[in-house]
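First the structure, in the form of structure tokens, and then the observations on it.
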Amino acid sequence: MLRTPTERLFDDSDRAALDPLALFEEWFALAQDAELNDPQAMALASVDADGLPDVRMVLLNARDERGFAFFTNFNSAKGEQLLAQPRAAMVMHWKSLRRQIRMRGPVEVVSAAEADAYFVSRPKGSQIASSVSQQSRPLQARQTMLDQVEQRAAQVGEGNVTRPANWSGFRLIPTSIEFWKDGEFRLHDRVRFTRDALGQPWTSTRLYP
């Protein structure tokens, strides 16, 4: 009988040659069917100049064999932190599935072409909001921002919104990917894949819960 990658993942005698990126796709497909809201939501952790961790929820916007990409204002707290300390950790938790995936690794800035392609795929209202928002900066009143959005929308009219120079994306290149599955009496299944760098082979290890 043909066994699924997930069945093999938690079988300690049959995990050889499993690709954690392919496993991610299998779990993410299940989450897209099971989660009512934002199955692509992930907690993203970075550190500030003092080494103090910072974490927030963002959306996974793109992924391929290189890694996992998200987009932001580079003048935001996370943008400044990741530009200064280009390493990050993320976790995607799907409560309805009782599963989660954790990743760690270096980050890189996506290409201008990738940033442009994602920016134009967004609703025009989101494009305008991104061109106005001074993300993470103090805001005296919400109405101030709404007025700025209205003014920008009037300026743009039926035209296209230009991607701001300080709005782009980061790609997390995982060197560690951990799959976690809920177990009875908190005897959870945990398997972690690690590699030295992009393009290097993965090795797997089962972890105590």
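Every chain in the structure tokens has a letter given in the order shown (A, B, ...), and although residue numbers restart at 1 in each chain, ligands are simply numbered from 1 in the order shown.
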Could you give me, as a Markdown table, a per-residue list for stretch 141-177 of chain A showing, wherever an atom lies at most 12 Å from an atom of stretch 32-52 of chain A, the closest pair of atoms and their distance in Å to one decimal, using only C-alpha atoms and sorting by chain then residue number from low to high?
```
| residue | atom | partner | partner_atom | distance |
| --- | --- | --- | --- | --- |
| A:Phe170 | CA | A:Leu44 | CA | 11.4 |
| A:Arg171 | CA | A:Leu44 | CA | 11.7 |
| A:Leu172 | CA | A:Leu44 | CA | 10.0 |
```
A:Ala77 surroundings by only C-alpha atoms, 9 Å radius, close-in-sequence under 5 positions cut, as a PyMOL selection string:
chain A and resi 48+54+82+135-137
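Coordinates place atom CA of A:Arg152 at a distance of 17.3 Å from atom CA of A:Asn73.
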Which of A:Pro5, A:Gly199, A:Gly169, A:Pro138 sits closest to A:Ala62 [using only C-alpha atoms]:
A:Gly169
Point out the residue among A:Arg190, A:Ser168, A:Leu198, A:Ala31 with the least atom-to-atom distance to A:Ser76, counting only C-alpha atoms.
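Nearest candidate to A:Ser76 out of A:Arg190, A:Ser168, A:Leu198, A:Ala31: A:Ser168.
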What does the distance from atom CA of A:Pro164 to atom CA of A:Met57 come to in Å, to one decimal?
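Rounded to one decimal, the two atoms are 22.1 Å apart.
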Give the alpha helix (DSSP H) residues of stretch 104-208 of chain A, as DSSP finds them on the backbone, and put them as number ranges by chain.
A: 112-121, 124-132, 142-156
Keeping only C-alpha atoms, write the selected residues as a tab-separated table (two decimals), in the first residue's frame.
```
chain	number	residue	atom	x	y	z
A	112	ALA	CA	12.41	44.13	-7.39
A	113	ALA	CA	10.56	42.06	-10.00
A	114	GLU	CA	9.08	39.81	-7.31
A	115	ALA	CA	8.03	42.82	-5.23
A	116	ASP	CA	6.45	44.49	-8.26
A	117	ALA	CA	4.58	41.32	-9.22
A	118	TYR	CA	3.09	40.89	-5.77
A	119	PHE	CA	2.28	44.59	-5.37
A	120	VAL	CA	0.21	44.72	-8.57
A	121	SER	CA	-1.66	41.54	-7.52
A	124	LYS	CA	-5.98	48.81	-5.36
A	125	GLY	CA	-7.13	49.88	-1.92
A	126	SER	CA	-4.31	47.88	-0.35
A	127	GLN	CA	-1.82	49.41	-2.79
A	128	ILE	CA	-2.95	52.90	-1.80
A	129	ALA	CA	-2.80	52.05	1.90
A	130	SER	CA	0.76	50.74	1.52
A	131	SER	CA	1.82	53.91	-0.29
A	132	VAL	CA	0.47	56.06	2.57
A	142	ARG	CA	-6.86	57.25	12.88
A	143	GLN	CA	-8.67	59.98	10.96
A	144	THR	CA	-5.30	61.45	9.97
A	145	MET	CA	-4.45	58.24	8.17
A	146	LEU	CA	-7.89	57.95	6.58
A	147	ASP	CA	-7.58	61.51	5.26
A	148	GLN	CA	-4.19	60.66	3.76
A	149	VAL	CA	-5.62	57.56	2.09
A	150	GLU	CA	-8.49	59.60	0.64
A	151	GLN	CA	-6.09	62.24	-0.69
A	152	ARG	CA	-3.85	59.60	-2.24
A	153	ALA	CA	-6.83	57.85	-3.85
A	154	ALA	CA	-7.92	61.15	-5.39
A	155	GLN	CA	-4.41	61.75	-6.75
A	156	VAL	CA	-4.25	58.28	-8.31
```
Would you compute the distance between atom CA of A:Arg66 and atom CA of A:Tyr208? Give it in Å to one decimal.
28.9 Å
Shell around A:Ala16 at 10 Å using only C-alpha atoms, local window under 4 positions removed, as a PyMOL selection string:
chain A and resi 8-9+12+202-204
For the selection you just gave me, I'd like the residues written to a file as a PDB file, in the first residue's frame, keeping C-alpha atoms.
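Everything below was put into selection-v2.pdb:
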```pdb
ATOM      1  CA  ARG A   8       6.156   8.170   6.662  1.00  0.00           C
ATOM      2  CA  LEU A   9       7.127  11.327   8.553  1.00  0.00           C
ATOM      3  CA  ASP A  12      10.973   6.219  12.452  1.00  0.00           C
ATOM      4  CA  TRP A 202      18.233  17.554   4.782  1.00  0.00           C
ATOM      5  CA  THR A 203      18.606  15.304   7.815  1.00  0.00           C
ATOM      6  CA  SER A 204      15.730  14.508  10.199  1.00  0.00           C
TER       7      SER A 204
END
```
Excluding A:Phe68 and residues on its chain fewer than 2 positions from it, collect all residues at most 12 Å away from it, counting only C-alpha atoms, and give them as number ranges by chain.
A: 21, 24-25, 40, 42, 44, 58-66, 70-71, 88-92, 102-110, 169-175, 177
Taking only stretch 136-178 of chain A into account, list the residues labelled strand (DSSP E or B) by DSSP (computed from the backbone), as a VMD selection string.
chain A and resid 167 to 172 176 to 178
Would you kindly return, as a list in words, each protein, DNA or RNA residue with an atom no farther than 10 Å from any atom of A:Leu23, considering only C-alpha atoms and excluding same-chain residues fewer than 3 positions away?
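Residues meeting the cut-off are Thr4, Pro5, Thr6, Leu9, Leu18, Asp19, Pro20, Glu26, Trp27, Phe28, Ala29 and Phe179 of chain A.
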